[in-house]
Amino acid sequence: MRFDVVINGGRVLDGTGAPPYRADVAVAGGRIAAIGRLGGAEAETVIDATGRFVAPGFVDCHAHGDAAVFDPAVQRAALRQGVTTFVLGQDGLSFAPGSAATVAYASRYFAAVNGPLAANGRADGTGPLAADGPLTVGELLGGYDRAVALNTAYLLPHGTIRYDVMGPAPEPPSRDHLAAMLRHVERGLSEGAVGLSTGLEYLPGRYATAEELAALCAPLGGLPYVTHMRAYGARAGVGMTEVMDIAERSGAAVHVSHLHGPADVLLPLVEEALGKGVDLTFDTYPYLRGNTILAMVVLPGSVPGAETDRALEMIASDELDDWWPTLDAVWPRLTVSHAPGMEWAEGLTIVAAAERDGSAPAEFCRRLLTETRLEAGVVSARPDEGPEGEESVRRMLRHSSHTGGSDGIYVGGHPHPRGFGAFARFLGRHVRELGDWTWEQAVVHLASHPARRFGLADRGLVRSGFAADVVVFDPAAVGDRATYESPRTLAAGVDDVLVSGVRVLAGGELTGATPGRALRP
């Protein structure tokens, strides 16, 4: 029998948690056609997987590739880690659904996270998405479909929806406002969204109550409510209490984004939620530092970050004079990742950049916010960075409710290395070196479990009839090479990847094929 692709001689990690077994994998028509000892099988493409594992493609449960996924360099960075699907629309803010004004707001406010939509375009040079809106979920998914080498799935961003209905207003929604937001949710789900996301430390999501969010979760029908909680770290109990309230009010499944902090605090909260019958999963990335917009880290809640001009007026005035001294312990923990117009500061801590600028850290921070119009981004070290923090990361990822997510941000001259190394680090460090997972457990956490969570019923397993998203990797060589000093360094050990049955990575290089699908549940 003749196939499109045959992968010979590898050991299959099928995603069920079963131990690896020796088998060939044949692909035809974009799907896995046969698994077994396929001696004599013919194919247009034959991949020798001797000495390597053959696994389902990994699902990055939390990626900020909403615009960056059109960049071949970002596609290559993901595929070199075995990632074949990005789940986008994270933290309650992205480009759809919304009017032109809403698209402009999401683009501006989250510029240091999601990047500019104007950077996109189809591989054939036709039909670029309208960077200035308006934009529906269906149109956004259509812009991704077969335009990139990766699959994409999309969460409905609550903050975008709220802004489209209410603008930056902090008030609770009226009955009409809530009805309008619900219509957005229902339409977005009908067009293929895989859940609803919130960013409760960002604007305008910060203004939402549990009652509002539970109402918007009602149409999800088994798809997850995905949340950047209101509080993390030592205060994670505040965030998790709200998560449980929303789940109990709505009956929705819940997925907590980047659940980081002391494991002694977090794991009992996870167990409490599971004990109450909450269908809970969470993602983590294997690093101790974060990456976000500078304004979210350094500005008090009294500053309306959703209203750029008013926020800049307050920063320039003496209204915050009593606030800046409270941040003295924060400045050494912040490294500039994205500073349009002040690129010389990227890669420097706020303290080092201020020294080079000849100013105090607070004054430099005010200048950075002002000159970038709040667009600056930072990599931020946690106060518990060190052996204790590392042990917490390890304990969190070993939990059975964990799924892999990079929280990858690709914007700026000096981003966090997690977008270029998280999944390779899971495999190289946490499986091979530390033994936190077995190889078969790793594939459950990184492929089959997240595919189930987001309703991707024909992905996440190496099984006959499933879509052929397949990664071939060397267990002795796979690992991350990106560091905080050199964050864009590509991972090692993954050289061959199929997406929807098409070879997109060969010998570690892009083939130029763009079979990535916009996945719908």
# chains A, B, ... in the order shown; residues from 1 in each chain; ligands from 1
$ closest_atom_pairs --of "stretch 76-163 of chain A" --to "stretch 331-338 of chain A" --cutoff "10 Å" --atoms "only C-alpha atoms" --output "JSON lines"
{"residue": "A:Ala111", "atom": "CA", "partner": "A:His338", "partner_atom": "CA", "distance": 9.4}
{"residue": "A:Ala112", "atom": "CA", "partner": "A:His338", "partner_atom": "CA", "distance": 6.3}
{"residue": "A:Val113", "atom": "CA", "partner": "A:His338", "partner_atom": "CA", "distance": 9.2}
$ write_last_selection --atoms "N, CA, C and O atoms" --output "short mmCIF file (atom, residue, chain, number, x, y, z; two decimals), in the first residue's frame"
data_model
loop_
_atom_site.label_atom_id
_atom_site.label_comp_id
_atom_site.auth_asym_id
_atom_site.auth_seq_id
_atom_site.Cartn_x
_atom_site.Cartn_y
_atom_site.Cartn_z
N ALA A 111 0.01 45.64 23.13
CA ALA A 111 1.03 45.65 22.07
C ALA A 111 2.29 44.92 22.49
O ALA A 111 2.96 44.28 21.67
N ALA A 112 2.68 45.00 23.77
CA ALA A 112 3.90 44.35 24.24
C ALA A 112 3.71 42.86 24.45
O ALA A 112 4.67 42.15 24.75
N VAL A 113 2.48 42.37 24.29
CA VAL A 113 2.18 40.95 24.51
C VAL A 113 1.83 40.26 23.20
O VAL A 113 2.46 39.27 22.81
#
$ residues_around --residues "stretch 266-270 of chain A" --least-positions-apart "2" --cutoff "10 Å" --atoms "only C-alpha atoms" --output "ChimeraX atom specification"
/A:232-237,239-241,244,256,259-264,272-275,278,280-282,392,395-396,399,401
$ select_by_dssp --residues "stretch 189-397 of chain A" --states "alpha helix (DSSP H)" --output "PyMOL selection string"
chain A and resi 189-190+210-217+236-250+263-275+294-298+308-316+350-357+361-371+387-397
$ residues_around --residues "A:Ser486" --least-positions-apart "4" --cutoff "10 Å" --atoms "only C-alpha atoms" --output "JSON, numbers by chain"
{"A": [347, 414, 415, 416, 417, 481, 482, 490]}
$ residues_around --residues "A:Arg418" --least-positions-apart "5" --cutoff "8 Å" --atoms "only C-alpha atoms" --output "ChimeraX atom specification"
/A:285-287,406-409,482,487
$ write_last_selection --atoms "all heavy atoms" --output "short mmCIF file (atom, residue, chain, number, x, y, z; two decimals), in the first residue's frame"
data_model
loop_
_atom_site.label_atom_id
_atom_site.label_comp_id
_atom_site.auth_asym_id
_atom_site.auth_seq_id
_atom_site.Cartn_x
_atom_site.Cartn_y
_atom_site.Cartn_z
N TYR A 285 4.51 27.12 33.04
CA TYR A 285 5.73 27.05 32.23
C TYR A 285 6.91 26.85 33.19
O TYR A 285 6.86 27.27 34.35
CB TYR A 285 5.91 28.29 31.35
CG TYR A 285 5.80 29.62 32.05
CD1 TYR A 285 6.88 30.17 32.73
CD2 TYR A 285 4.62 30.35 32.02
CE1 TYR A 285 6.79 31.40 33.36
CE2 TYR A 285 4.52 31.59 32.65
CZ TYR A 285 5.61 32.11 33.32
OH TYR A 285 5.52 33.32 33.95
N PRO A 286 7.99 26.22 32.72
CA PRO A 286 9.06 25.80 33.63
C PRO A 286 10.14 26.86 33.86
O PRO A 286 11.34 26.61 33.67
CB PRO A 286 9.62 24.56 32.93
CG PRO A 286 9.45 24.87 31.47
CD PRO A 286 8.16 25.64 31.38
N TYR A 287 9.71 28.05 34.24
CA TYR A 287 10.62 29.16 34.54
C TYR A 287 10.08 29.90 35.76
O TYR A 287 8.90 29.77 36.09
CB TYR A 287 10.72 30.14 33.37
CG TYR A 287 11.20 29.54 32.07
CD1 TYR A 287 10.30 28.95 31.19
CD2 TYR A 287 12.55 29.57 31.72
CE1 TYR A 287 10.72 28.40 29.99
CE2 TYR A 287 12.98 29.02 30.52
CZ TYR A 287 12.07 28.43 29.66
OH TYR A 287 12.49 27.89 28.47
N SER A 406 3.45 27.71 27.36
CA SER A 406 4.68 28.52 27.37
C SER A 406 4.44 29.94 27.85
O SER A 406 5.36 30.58 28.35
CB SER A 406 5.30 28.57 25.97
OG SER A 406 4.50 29.36 25.10
N ASP A 407 3.22 30.46 27.69
CA ASP A 407 2.95 31.89 27.85
C ASP A 407 3.91 32.69 26.97
O ASP A 407 4.32 33.80 27.31
CB ASP A 407 3.08 32.31 29.32
CG ASP A 407 2.32 33.59 29.65
OD1 ASP A 407 1.67 34.15 28.75
OD2 ASP A 407 2.40 34.05 30.80
N GLY A 408 4.25 32.10 25.83
CA GLY A 408 5.25 32.68 24.96
C GLY A 408 4.85 34.04 24.41
O GLY A 408 3.75 34.20 23.88
N ILE A 409 5.73 35.01 24.56
CA ILE A 409 5.59 36.35 24.00
C ILE A 409 6.76 36.56 23.05
O ILE A 409 7.92 36.33 23.42
CB ILE A 409 5.57 37.42 25.11
CG1 ILE A 409 4.29 37.29 25.94
CG2 ILE A 409 5.68 38.82 24.52
CD1 ILE A 409 4.24 38.18 27.15
N ALA A 482 17.51 28.50 24.80
CA ALA A 482 17.22 29.92 25.03
C ALA A 482 17.46 30.26 26.49
O ALA A 482 17.12 29.48 27.39
CB ALA A 482 15.78 30.22 24.65
N PRO A 487 17.50 35.10 24.51
CA PRO A 487 16.17 34.48 24.60
C PRO A 487 15.63 33.88 23.31
O PRO A 487 14.70 33.08 23.37
CB PRO A 487 15.29 35.63 25.06
CG PRO A 487 15.98 36.87 24.59
CD PRO A 487 17.45 36.56 24.70
#
$ closest_residue --among "A:Val83, A:Val298, A:Val351, A:Leu182" --to "A:Ala491" --atoms "only C-alpha atoms"
A:Val83
$ closest_residue --among "A:Pro340, A:Gly92, A:Pro157, A:Pro173" --to "A:His228" --atoms "only C-alpha atoms"
A:Gly92
$ atom_distance --atom1 "atom CA of A:Glu375" --atom2 "atom CA of A:Gly413"
13.4 Å
$ atom_distance --atom1 "atom CA of A:Asp321" --atom2 "atom CA of A:Asp357"
20.4 Å
$ residues_around --residues "stretch 159-163 of chain A" --least-positions-apart "2" --cutoff "9 Å" --atoms "only C-alpha atoms" --output "PyMOL selection string"
chain A and resi 91-98+102-103+105-106+156-157+165-169+173+177-178+181+184-185+197-200+202-206+208
$ atom_distance --atom1 "atom CA of A:Leu519" --atom2 "atom CA of A:Asp496"
21.7 Å
$ closest_residue --among "A:Asp283, A:Glu355, A:Asp322, A:Glu433" --to "A:Arg453" --atoms "only C-alpha atoms"
A:Asp283
$ closest_residue --among "A:Phe53, A:Tyr21, A:Phe58, A:Phe3" --to "A:Gly40" --atoms "only C-alpha atoms"
A:Phe3
$ closest_residue --among "A:Val46, A:Ala477, A:Val6, A:Val254" --to "A:Val27" --atoms "only C-alpha atoms"
A:Val6
$ select_by_dssp --residues "stretch 47-189 of chain A" --states "strand (DSSP E)" --output "JSON, numbers by chain"
{"A": [47, 48, 53, 54, 55, 56, 58, 59, 60, 63, 64, 83, 84, 85, 86, 87, 88, 151, 152, 153, 154, 156, 157]}
$ residues_around --residues "A:Leu220" --least-positions-apart "2" --cutoff "8 Å" --atoms "only C-alpha atoms" --output "PyMOL selection string"
chain A and resi 189+195-196+217-218+222-225+252
$ write_last_selection --atoms "N, CA, C and O atoms" --output "short mmCIF file (atom, residue, chain, number, x, y, z; two decimals), in the first residue's frame"
data_model
loop_
_atom_site.label_atom_id
_atom_site.label_comp_id
_atom_site.auth_asym_id
_atom_site.auth_seq_id
_atom_site.Cartn_x
_atom_site.Cartn_y
_atom_site.Cartn_z
N LEU A 189 -18.65 31.32 19.78
CA LEU A 189 -18.64 29.86 19.92
C LEU A 189 -19.16 29.20 18.64
O LEU A 189 -18.62 28.19 18.19
N GLY A 195 -13.40 28.27 23.88
CA GLY A 195 -13.60 28.62 25.27
C GLY A 195 -13.64 30.12 25.43
O GLY A 195 -13.67 30.87 24.44
N LEU A 196 -13.67 30.56 26.70
CA LEU A 196 -13.71 31.99 27.04
C LEU A 196 -12.55 32.29 27.97
O LEU A 196 -12.33 31.56 28.95
N CYS A 217 -20.21 32.51 31.04
CA CYS A 217 -19.77 31.12 30.91
C CYS A 217 -20.92 30.17 30.57
O CYS A 217 -20.69 29.04 30.14
N ALA A 218 -22.15 30.62 30.77
CA ALA A 218 -23.30 29.73 30.62
C ALA A 218 -23.37 29.02 29.26
O ALA A 218 -23.74 27.85 29.20
N GLY A 222 -19.31 22.76 28.18
CA GLY A 222 -18.20 21.83 28.33
C GLY A 222 -16.87 22.38 27.92
O GLY A 222 -15.82 21.84 28.31
N LEU A 223 -16.86 23.43 27.10
CA LEU A 223 -15.60 24.11 26.79
C LEU A 223 -15.17 24.93 28.00
O LEU A 223 -15.99 25.34 28.82
N PRO A 224 -13.88 25.23 28.14
CA PRO A 224 -13.40 25.80 29.40
C PRO A 224 -13.51 27.31 29.50
O PRO A 224 -13.41 28.04 28.52
N TYR A 225 -13.69 27.75 30.76
CA TYR A 225 -13.44 29.13 31.17
C TYR A 225 -11.97 29.18 31.55
O TYR A 225 -11.52 28.51 32.48
N ALA A 252 -19.31 25.61 34.59
CA ALA A 252 -18.30 25.54 33.54
C ALA A 252 -17.06 24.78 33.99
O ALA A 252 -16.69 24.80 35.17
#
$ closest_residue --among "A:Ala352, A:Thr16, A:Ala360, A:Leu312" --to "A:Ala442" --atoms "only C-alpha atoms"
A:Thr16
$ residues_around --residues "A:Gly305" --least-positions-apart "2" --cutoff "10 Å" --atoms "only C-alpha atoms" --output "PDB file with C-alpha atoms, in the first residue's frame"
ATOM      1  CA  TYR A 109      -3.097  48.047  25.198  1.00  0.00           C
ATOM      2  CA  PRO A 168     -13.263  51.319  29.335  1.00  0.00           C
ATOM      3  CA  TYR A 202      -5.691  43.651  32.996  1.00  0.00           C
ATOM      4  CA  LEU A 203      -8.170  46.250  31.757  1.00  0.00           C
ATOM      5  CA  PRO A 204     -11.088  46.216  31.353  1.00  0.00           C
ATOM      6  CA  ALA A 295       2.145  49.386  33.154  1.00  0.00           C
ATOM      7  CA  MET A 296       0.424  46.398  34.769  1.00  0.00           C
ATOM      8  CA  LEU A 299       1.001  51.459  38.059  1.00  0.00           C
ATOM      9  CA  PRO A 300      -1.530  51.530  40.909  1.00  0.00           C
ATOM     10  CA  GLY A 301      -5.143  50.597  40.283  1.00  0.00           C
ATOM     11  CA  SER A 302      -6.120  54.266  40.415  1.00  0.00           C
ATOM     12  CA  VAL A 303      -4.448  54.864  37.045  1.00  0.00           C
ATOM     13  CA  GLU A 307      -7.394  55.307  28.832  1.00  0.00           C
ATOM     14  CA  THR A 308      -3.898  56.046  27.577  1.00  0.00           C
ATOM     15  CA  ASP A 309      -4.048  59.838  27.496  1.00  0.00           C
ATOM     16  CA  ARG A 310      -5.480  60.138  31.001  1.00  0.00           C
ATOM     17  CA  ALA A 311      -2.955  57.613  32.345  1.00  0.00           C
ATOM     18  CA  LEU A 312      -0.068  59.556  30.790  1.00  0.00           C
ATOM     19  CA  LEU A 374       2.411  52.493  27.866  1.00  0.00           C
TER      20      LEU A 374
END
